[in-house]
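File shown: data19.txt (compact mmCIF, C-alpha atoms and all ligand atoms).
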```
# COMPACT_ATOMS: atom_id res chain seq x y z
CA MET A 1 60.63 -56.95 45.87
CA SER A 2 59.32 -60.32 47.12
CA GLU A 3 56.94 -62.40 45.02
CA LEU A 4 55.03 -63.21 48.20
CA ALA A 5 54.43 -59.50 48.85
CA LEU A 6 53.11 -59.08 45.30
CA ALA A 7 50.88 -62.14 45.67
CA GLU A 8 49.46 -60.76 48.94
CA ALA A 9 48.89 -57.35 47.36
CA ARG A 10 47.16 -58.95 44.36
CA ARG A 11 44.93 -60.93 46.71
CA LEU A 12 43.93 -57.77 48.61
CA VAL A 13 43.18 -55.87 45.40
CA ALA A 14 41.26 -58.79 43.85
CA ALA A 15 39.06 -59.05 46.93
CA ALA A 16 38.45 -55.28 47.20
CA GLU A 17 34.93 -53.99 46.47
CA SER A 18 36.34 -50.50 45.95
CA LEU A 19 39.83 -49.14 45.45
CA ALA A 20 41.24 -45.67 46.07
CA VAL A 21 44.62 -44.66 44.71
CA LEU A 22 46.90 -41.82 45.89
CA THR A 23 49.64 -40.92 43.44
CA GLY A 24 52.61 -38.59 43.69
CA ALA A 25 55.40 -37.43 41.44
CA GLY A 26 57.00 -40.89 41.39
CA ILE A 27 54.35 -42.33 39.07
CA SER A 28 55.49 -39.84 36.42
CA ALA A 29 59.20 -40.56 36.93
CA GLU A 30 59.20 -43.32 34.27
CA SER A 31 57.73 -40.80 31.84
CA GLY A 32 60.92 -38.81 32.31
CA ILE A 33 59.40 -36.15 34.58
CA PRO A 34 61.80 -35.39 37.47
CA THR A 35 60.27 -35.90 40.92
CA PHE A 36 60.35 -33.20 43.57
CA ARG A 37 62.79 -34.66 46.04
CA GLY A 38 64.61 -37.34 44.10
CA PRO A 39 67.97 -37.05 42.34
CA GLY A 40 67.76 -34.30 39.69
CA GLY A 41 64.40 -33.47 41.25
CA LEU A 42 62.24 -30.55 40.31
CA TRP A 43 63.18 -28.85 43.53
CA ARG A 44 66.86 -29.59 43.03
CA ASN A 45 67.81 -26.12 41.81
CA PHE A 46 65.22 -24.32 43.86
CA ARG A 47 63.81 -24.55 47.37
CA PRO A 48 60.06 -25.19 47.33
CA GLU A 49 59.47 -21.99 49.32
CA HIS A 50 61.22 -20.06 46.53
CA LEU A 51 58.82 -21.17 43.84
CA ALA A 52 55.64 -22.95 44.90
CA THR A 53 54.25 -20.33 47.31
CA PRO A 54 52.00 -17.27 46.92
CA GLU A 55 54.79 -15.16 48.41
CA ALA A 56 57.25 -16.27 45.71
CA PHE A 57 54.68 -15.46 43.03
CA ALA A 58 53.96 -12.05 44.53
CA GLN A 59 57.68 -11.29 44.70
CA ASP A 60 58.79 -12.73 41.32
CA PRO A 61 55.89 -13.91 39.15
CA ARG A 62 58.14 -14.10 36.09
CA THR A 63 60.52 -16.70 37.60
CA VAL A 64 57.62 -18.74 38.95
CA TRP A 65 55.95 -18.71 35.55
CA GLU A 66 59.24 -19.66 33.82
CA TRP A 67 59.50 -22.69 36.12
CA TYR A 68 55.95 -23.81 35.36
CA LEU A 69 56.36 -23.26 31.61
CA TRP A 70 59.60 -25.30 31.77
CA ARG A 71 57.65 -28.09 33.48
CA ARG A 72 54.83 -27.81 30.91
CA ALA A 73 57.37 -28.28 28.10
CA ALA A 74 58.87 -31.36 29.80
CA ILE A 75 55.41 -32.87 30.34
CA ALA A 76 54.21 -32.03 26.81
CA ALA A 77 57.24 -33.95 25.45
CA ALA A 78 56.50 -36.92 27.71
CA GLU A 79 54.00 -39.76 27.45
CA PRO A 80 52.00 -41.53 30.16
CA ASN A 81 53.82 -44.72 31.20
CA ALA A 82 52.66 -48.26 31.94
CA GLY A 83 51.83 -47.26 35.50
CA HIS A 84 49.43 -44.51 34.42
CA ARG A 85 47.92 -46.84 31.82
CA ALA A 86 47.44 -49.72 34.27
CA LEU A 87 45.40 -47.45 36.55
CA ALA A 88 43.29 -46.21 33.64
CA GLU A 89 42.68 -49.76 32.40
CA TYR A 90 41.74 -50.94 35.90
CA GLU A 91 39.19 -48.10 36.21
CA ARG A 92 37.79 -48.94 32.75
CA GLN A 93 37.42 -52.64 33.52
CA GLN A 94 36.52 -52.54 37.21
CA GLY A 95 34.88 -49.12 37.57
CA ARG A 96 35.29 -49.04 41.34
CA CYS A 97 38.39 -46.86 41.49
CA THR A 98 38.92 -43.26 42.63
CA LEU A 99 42.27 -41.76 41.67
CA ILE A 100 43.52 -39.05 44.02
CA THR A 101 46.60 -37.36 42.62
CA GLN A 102 49.03 -34.81 44.03
CA ASN A 103 50.41 -34.42 40.53
CA VAL A 104 49.53 -31.43 38.38
CA ASP A 105 51.01 -32.85 35.15
CA GLY A 106 47.82 -34.21 33.54
CA LEU A 107 49.43 -37.55 32.65
CA HIS A 108 46.63 -39.53 34.33
CA ASP A 109 44.10 -37.74 32.08
CA ARG A 110 46.20 -38.49 28.99
CA ALA A 111 46.44 -42.18 30.03
CA GLY A 112 42.63 -42.36 30.02
CA SER A 113 41.76 -42.18 33.73
CA ARG A 114 38.42 -40.44 34.22
CA ARG A 115 37.62 -40.28 37.94
CA ILE A 116 40.57 -38.12 39.02
CA LEU A 117 40.66 -35.92 42.13
CA LYS A 118 43.44 -33.37 41.62
CA VAL A 119 44.08 -32.28 45.20
CA HIS A 120 47.00 -30.00 44.22
CA GLY A 121 45.41 -28.50 41.12
CA ASP A 122 46.34 -28.65 37.44
CA LEU A 123 49.33 -27.16 35.62
CA TRP A 124 47.23 -26.79 32.44
CA GLN A 125 44.66 -24.62 34.21
CA GLU A 126 45.20 -20.89 34.90
CA ARG A 127 43.40 -18.54 37.30
CA CYS A 128 43.24 -14.76 37.47
CA THR A 129 44.63 -13.21 40.67
CA GLY A 130 42.18 -10.36 40.21
CA CYS A 131 38.75 -11.54 39.07
CA GLY A 132 39.13 -15.31 39.46
CA HIS A 133 38.66 -15.96 35.72
CA GLN A 134 39.79 -19.53 34.90
CA ARG A 135 40.99 -21.00 31.61
CA ARG A 136 42.67 -24.11 30.33
CA SER A 137 45.84 -23.45 28.38
CA HIS A 138 48.48 -25.61 26.74
CA ALA A 139 50.75 -22.63 26.01
CA LEU A 140 54.44 -23.37 26.52
CA ALA A 141 55.39 -19.70 26.22
CA TYR A 142 53.77 -16.28 26.56
CA PRO A 143 54.81 -12.92 25.08
CA ALA A 144 54.77 -11.40 28.56
CA LEU A 145 55.06 -13.00 32.02
CA PRO A 146 52.90 -13.16 34.00
CA PRO A 147 50.23 -13.41 31.24
CA PRO A 148 47.44 -10.86 31.72
CA CYS A 149 43.88 -11.94 32.41
CA PRO A 150 41.80 -11.59 29.21
CA GLU A 151 38.90 -10.31 31.35
CA CYS A 152 40.48 -7.77 33.69
CA GLY A 153 44.18 -7.57 32.83
CA ALA A 154 45.40 -8.71 36.27
CA PRO A 155 48.19 -11.37 36.35
CA LEU A 156 47.13 -14.95 35.70
CA ARG A 157 48.70 -17.70 37.87
CA PRO A 158 48.95 -21.47 37.46
CA ALA A 159 45.85 -23.03 39.07
CA VAL A 160 47.92 -25.22 41.37
CA VAL A 161 47.92 -25.38 45.17
CA TRP A 162 51.05 -23.77 46.60
CA PHE A 163 52.54 -24.38 50.03
CA GLY A 164 50.52 -22.53 52.63
CA GLU A 165 47.40 -22.60 50.43
CA SER A 166 44.32 -24.66 51.19
CA LEU A 167 43.43 -27.58 49.02
CA PRO A 168 40.27 -27.22 46.89
CA ARG A 169 37.54 -27.85 49.46
CA VAL A 170 35.12 -29.95 47.39
CA VAL A 171 37.88 -32.05 45.81
CA TRP A 172 39.50 -32.64 49.18
CA ALA A 173 36.20 -33.69 50.77
CA GLU A 174 35.67 -36.17 47.92
CA ALA A 175 39.19 -37.53 48.43
CA GLU A 176 38.59 -38.05 52.15
CA ARG A 177 35.30 -39.80 51.41
CA ALA A 178 36.88 -42.03 48.75
CA VAL A 179 39.59 -43.18 51.17
CA ALA A 180 37.06 -43.78 53.96
CA GLN A 181 34.88 -45.91 51.65
CA ALA A 182 37.67 -47.83 49.92
CA ASP A 183 38.61 -51.35 50.99
CA VAL A 184 42.16 -50.72 49.77
CA LEU A 185 44.20 -47.52 49.26
CA LEU A 186 47.02 -47.92 46.76
CA VAL A 187 49.78 -45.37 47.54
CA VAL A 188 51.97 -44.92 44.48
CA GLY A 189 55.09 -42.82 43.96
CA THR A 190 54.87 -40.40 46.84
CA ALA A 191 57.44 -39.63 49.50
CA ALA A 192 54.41 -38.97 51.73
CA GLN A 193 55.91 -35.80 53.17
CA VAL A 194 53.36 -33.24 51.98
CA TYR A 195 50.24 -32.76 54.06
CA PRO A 196 47.31 -32.99 54.24
CA ALA A 197 47.54 -35.42 51.26
CA ALA A 198 49.95 -37.77 53.07
CA GLY A 199 47.54 -37.90 56.00
CA LEU A 200 45.10 -39.85 53.83
CA ILE A 201 47.33 -42.88 54.22
CA THR A 202 46.72 -43.14 57.96
CA ARG A 203 42.96 -43.09 57.28
CA ALA A 204 42.96 -46.05 54.94
CA ARG A 205 41.38 -49.34 56.05
CA CYS A 206 44.15 -51.18 54.24
CA ALA A 207 47.05 -49.56 52.35
CA ILE A 208 49.44 -50.96 49.76
CA GLU A 209 52.50 -48.86 48.89
CA VAL A 210 54.32 -48.94 45.53
CA ASN A 211 57.65 -47.16 45.75
CA PRO A 212 61.27 -48.19 45.09
CA THR A 213 62.31 -46.28 48.20
CA PRO A 214 61.00 -46.66 51.77
CA THR A 215 58.79 -43.83 53.07
CA PRO A 216 57.65 -42.93 56.62
CA PHE A 217 54.62 -45.15 55.99
CA SER A 218 56.36 -48.22 54.56
CA SER A 219 56.36 -50.06 57.89
CA HIS A 220 52.73 -49.15 58.57
CA VAL A 221 51.04 -50.33 55.38
CA ALA A 222 49.65 -53.85 54.79
CA VAL A 223 52.07 -54.45 51.93
CA ALA A 224 55.02 -52.32 50.77
CA LEU A 225 56.01 -53.23 47.19
CA ALA A 226 59.54 -51.98 46.60
CA GLY A 227 59.80 -51.22 42.92
CA PRO A 228 58.82 -48.88 40.09
CA ALA A 229 55.15 -48.17 39.40
CA GLY A 230 55.56 -48.80 35.65
CA GLU A 231 56.48 -52.40 36.41
CA LEU A 232 54.44 -53.16 39.53
CA LEU A 233 51.05 -51.61 38.70
CA PRO A 234 50.50 -53.77 35.59
CA ALA A 235 51.51 -56.84 37.65
CA LEU A 236 49.28 -55.81 40.54
CA LEU A 237 46.18 -54.66 38.66
CA GLY A 238 46.33 -56.79 35.57
CA GLY A 239 44.49 -59.74 37.08
CA GLY A 240 41.05 -58.15 37.31
CA ARG A 241 38.66 -58.88 40.18
CA ASP A 242 37.89 -62.25 41.64
CA LYS A 243 36.29 -62.42 45.07
CA MET A 244 37.07 -66.10 45.30
CA THR A 245 40.75 -65.36 44.96
CA THR A 246 42.56 -67.12 47.70
CA CYS A 247 46.11 -66.45 48.61
CA PRO A 248 48.17 -68.47 46.12
CA PRO A 249 50.24 -71.27 47.60
CA PRO A 250 53.56 -70.05 48.96
CA ILE A 251 56.39 -70.21 46.45
CA PRO A 252 58.13 -73.54 47.05
CA PRO A 253 61.65 -72.94 48.35
CA ALA A 254 64.25 -73.13 45.52
C1 LIG B 1 48.18 -26.63 53.64
C2 LIG B 1 51.49 -28.35 43.57
C3 LIG B 1 47.10 -25.40 55.25
C4 LIG B 1 52.40 -27.30 43.05
C5 LIG B 1 52.38 -29.13 45.70
C6 LIG B 1 53.84 -23.99 56.91
C7 LIG B 1 52.81 -23.20 56.40
C8 LIG B 1 51.70 -23.74 55.77
C9 LIG B 1 51.64 -25.10 55.59
C10 LIG B 1 52.68 -25.86 56.05
C11 LIG B 1 53.76 -25.34 56.73
N1 LIG B 1 54.60 -26.38 57.07
C12 LIG B 1 54.06 -27.53 56.63
C13 LIG B 1 52.92 -27.22 56.02
C14 LIG B 1 52.06 -28.11 55.36
C15 LIG B 1 52.54 -28.15 53.92
C16 LIG B 1 53.48 -29.33 53.85
O1 LIG B 1 53.03 -30.45 53.91
N2 LIG B 1 54.79 -29.05 53.74
C17 LIG B 1 55.74 -30.16 53.70
C18 LIG B 1 56.89 -29.82 52.77
C19 LIG B 1 56.20 -30.45 55.11
N3 LIG B 1 51.36 -28.35 53.11
C20 LIG B 1 50.76 -27.31 52.56
O2 LIG B 1 51.17 -26.17 52.59
C21 LIG B 1 49.44 -27.65 51.89
N4 LIG B 1 48.45 -26.73 52.34
O3 LIG B 1 48.67 -27.30 54.49
O4 LIG B 1 47.31 -25.67 53.86
C22 LIG B 1 46.17 -24.31 55.30
C23 LIG B 1 45.00 -24.54 55.96
C24 LIG B 1 44.14 -23.51 56.04
C25 LIG B 1 44.45 -22.29 55.45
C26 LIG B 1 45.64 -22.10 54.76
C27 LIG B 1 46.50 -23.14 54.67
C28 LIG B 1 49.57 -27.52 50.38
C29 LIG B 1 50.55 -28.54 49.88
C30 LIG B 1 50.52 -28.58 48.36
C31 LIG B 1 51.82 -28.04 47.80
N5 LIG B 1 51.79 -28.19 46.34
N6 LIG B 1 52.26 -29.28 44.38
C32 LIG B 1 53.40 -27.86 42.07
O5 LIG B 1 53.34 -29.05 41.70
O6 LIG B 1 54.24 -27.07 41.67
S1 LIG B 1 53.30 -30.24 46.57
C33 LIG B 1 54.27 -31.18 45.56
O7 LIG B 1 54.80 -32.18 46.41
C34 LIG B 1 53.59 -31.95 44.45
O8 LIG B 1 52.18 -31.91 44.47
C35 LIG B 1 54.07 -33.38 44.76
O9 LIG B 1 53.28 -34.34 44.22
C36 LIG B 1 53.96 -33.29 46.20
C37 LIG B 1 54.38 -34.38 47.06
O10 LIG B 1 55.62 -34.81 46.62
P1 LIG B 1 55.65 -36.28 46.04
O11 LIG B 1 54.57 -36.43 45.04
O12 LIG B 1 55.64 -37.24 47.16
O13 LIG B 1 57.00 -36.24 45.26
P2 LIG B 1 58.46 -36.50 45.85
O14 LIG B 1 59.44 -36.10 44.80
O15 LIG B 1 58.56 -35.91 47.21
O16 LIG B 1 58.51 -38.09 46.01
C38 LIG B 1 58.50 -38.91 44.85
C39 LIG B 1 58.42 -40.33 45.34
O17 LIG B 1 58.33 -41.18 44.21
C40 LIG B 1 59.65 -40.78 46.13
O18 LIG B 1 59.23 -41.46 47.30
C41 LIG B 1 60.35 -41.76 45.17
O19 LIG B 1 60.97 -42.82 45.88
C42 LIG B 1 59.19 -42.30 44.39
N7 LIG B 1 59.53 -42.80 43.06
C43 LIG B 1 60.54 -42.42 42.25
N8 LIG B 1 60.48 -43.14 41.10
C44 LIG B 1 59.40 -43.96 41.20
C45 LIG B 1 58.79 -43.75 42.44
N9 LIG B 1 57.69 -44.42 42.84
C46 LIG B 1 57.18 -45.33 41.99
N10 LIG B 1 57.70 -45.59 40.77
C47 LIG B 1 58.81 -44.93 40.35
N11 LIG B 1 59.34 -45.21 39.14
ZN ZN B 2 40.83 -11.23 35.72
```

So that I can check it, write out the structure of this file as C-alpha cells.
Ligand code: BV8
Ligand code: ZN
Amino acid sequence: MSELALAEARRLVAAAESLAVLTGAGISAESGIPTFRGPGGLWRNFRPEHLATPEAFAQDPRTVWEWYLWRRAAIAAAEPNAGHRALAEYERQQGRCTLITQNVDGLHDRAGSRRILKVHGDLWQERCTGCGHQRRSHALAYPALPPPCPECGAPLRPAVVWFGESLPRVVWAEAERAVAQADVLLVVGTAAQVYPAAGLITRARCAIEVNPTPTPFSSHVAVALAGPAGELLPALLGGGRDKMTTCPPPIPPA
C-alpha cells in the first residue's frame, strides 16, 4: 500500500467534519472470525441460500441454528482487534462518527463503539417467529433446537437479516442519512457484493476503502488502501482532527 495513498487518506479524514464508516466481515478477520467469501470463509461449506434465508430456516431450523451457535462460539472466543478499537477510539475522541456495520458479531460493541447501526441485525439477539418476542442471549447451546419462545412456545430465530429479507427500516434510514451527511465514508473489510448495504458506497461524497483485496468499488473511491484493517485503521485514524492539515510533502524519491 503506498505511503502517499495513506497520507492522502489521513488528510481527507483529518479535514472531515463528520465521518461515516461501513464495515463488513473483513474487519473481524484479524480477530480470527472467518469472512463470508474469503478462504475458509463462513460460506465455504455452505451456500448462503442454504443457511441465511427464511426458506432454509423454515425447512431445517436445527441446521441453521447449529450454524449460528457455531459462529457464536467462535466469536465468544475471539477479541476485538486493533481495527475495531481504532474506530471506537476515534468515536470517543472525535464524536462525529457513525458506524454502519453489516456484521452481526457484536465485536464493535465489545471494542467500545457506541453509535452503531447494525443493518443486518445482531447474532446475540433472538426473535420469536410467532409473537415477535425479542431477547438478548449469549447462549452457545440450547437443550432443543430451535429454542422455544418463552412467551408463546413458537420457534425463536436469530434476529439477523437473511437474504430476501428487508433491512430494519429505521436503522437503514439512519444509515442512509449518515452517509448523505458525512464528508467521508470509510469502507472497511467488505467485498461490497451484498445490497442494499453496498449501494451506500455510491452515495458517499468521498469514500476511502480499506481492504487487502480489490473490490468492485476500488477504482471508484477517492483512496483505496490495500491492507488489513487492524494495521491501517490505527494509522489512518490515530492522528485526530486538524482542519489545518495540509497534504504532507511528497515522500522524497529514495
Ligand atoms: C434485500 C446477516 C430486498 C446474516 C447477511 C434475490 C432475492 C432477494 C434479494 C436478492 C436477490 N438477489 C440479490 C438480492 C439482494 C441480496 C444480495 O445482495 N445478494 C447478493 C449475494 C448478491 N440482498 C438481500 O437479500 C438483502 N435484502 O435485498 O431485501 C427486499 C426488499 C423488499 C422486500 C423484501 C426484500 C439482505 C442482505 C443481508 C443478508 N445478510 N448477513 C448472517 O450474518 O448470517 S449478508 C452477509 O454478507 C454478512 O452481513 C456480511 O457482512 C455481508 C457482506 O459480506 P462482507 O461483509 O462483504 O463479507 P465478505 O466475506 O463477502 O468480504 C470480506 C471482505 O473483507 C473481503 O473483501 C476481504 O478482502 C476483506 N478482508 C479480509 N481480511 C481483511 C479484509 N479487509 C480488511 N482487513 C482485513 N484483515
Ligand atoms: Zn413467541

Check: Counting only C-alpha atoms, what is within 8 Å of range 86-93 of chain A, bar same-chain residues fewer than 2 positions away, as JSON, numbers by chain?
Finding: {"A": [82, 83, 84, 95, 96, 97, 108, 111, 112, 113, 114, 233, 234, 237, 238, 240]}

Check: Quick one: residues within 9 Å of Val223 in chain A, all atoms listed in the file counted, chain neighbours fewer than 4 positions away excluded, as number ranges by chain?
Finding: A: 5-6, 8-9, 206-210, 218-219

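A distance cut-off of 9 Å from ligand ZN 2 (chain B), applied to all atoms listed in the file, picks out the residues Arg127, Cys128, Thr129, Gly130, Cys131, Gly132, His133, Gln134, Pro148, Cys149, Pro150, Glu151, Cys152, Gly153, Ala154, Pro155 and Leu156 of chain A.
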
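With all atoms listed in the file as the basis for measurement, A:Thr35 is the residue among A:Gln59, A:Thr35, A:Thr53, A:Thr98 that approaches ligand LIG 1 (chain B) most closely.
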
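Here the question is which of A:Gly26, A:Glu176, A:Ala14, A:Ala77 gets nearest to Gly199 in chain A using only C-alpha atoms, and that residue is A:Glu176.
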
Checklist line | Contacts with ligand LIG 1 (chain B) at most 7 Å, all atoms listed in the file counted, listed as a ChimeraX atom specification | finding: /A:23-27,29-30,35-38,41,52,102-104,120-121,160-167,188-196,210-213,215,227-230

Checklist line | Separation of CA of Ile201 in chain A from CA of Val221 in chain A in Å | finding: 8.4 Å

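CA of Asp122 in chain A is found 14.5 Å from CA of Ala73 in chain A.
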
Next item on the list: Tell me, as a PyMOL selection string, which residues lie within 9 Å of Ala204 in chain A, counting all atoms listed in the file; anything in the same chain fewer than 5 positions away does not count.
Entry: chain A and resi 179-185

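In this model, the gap between CA of Leu140 in chain A and CA of Arg72 in chain A comes to 6.3 Å.
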
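Taking all atoms listed in the file into account, Arg177 in chain A lies nearest to A:Arg203 out of the set A:His138, A:Arg203, A:Arg110, A:Val64.
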
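The nearest approach to Glu79 in chain A among the residues A:Pro54, A:Pro61, A:Gly106, A:Pro168, with all atoms listed in the file taken into account, belongs to A:Gly106.
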
Check: Pick from A:Leu107, A:Ile116, A:Ala20, A:Ala198: nearest to Ala76 in chain A, with all atoms listed in the file counted?
Finding: A:Leu107

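Distance annotation: of A:Gln125, A:Leu145, A:Ala78, A:Gly32, the residue with the minimal separation from Arg62 in chain A is A:Leu145; atom set is all atoms listed in the file.
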
Item checked: Shell around Ala175 in chain A at 10 Å using all atoms listed in the file, local window under 5 positions removed, as number ranges by chain -> A: 20-22, 98-101, 116-119, 169-170, 180-181, 197, 200
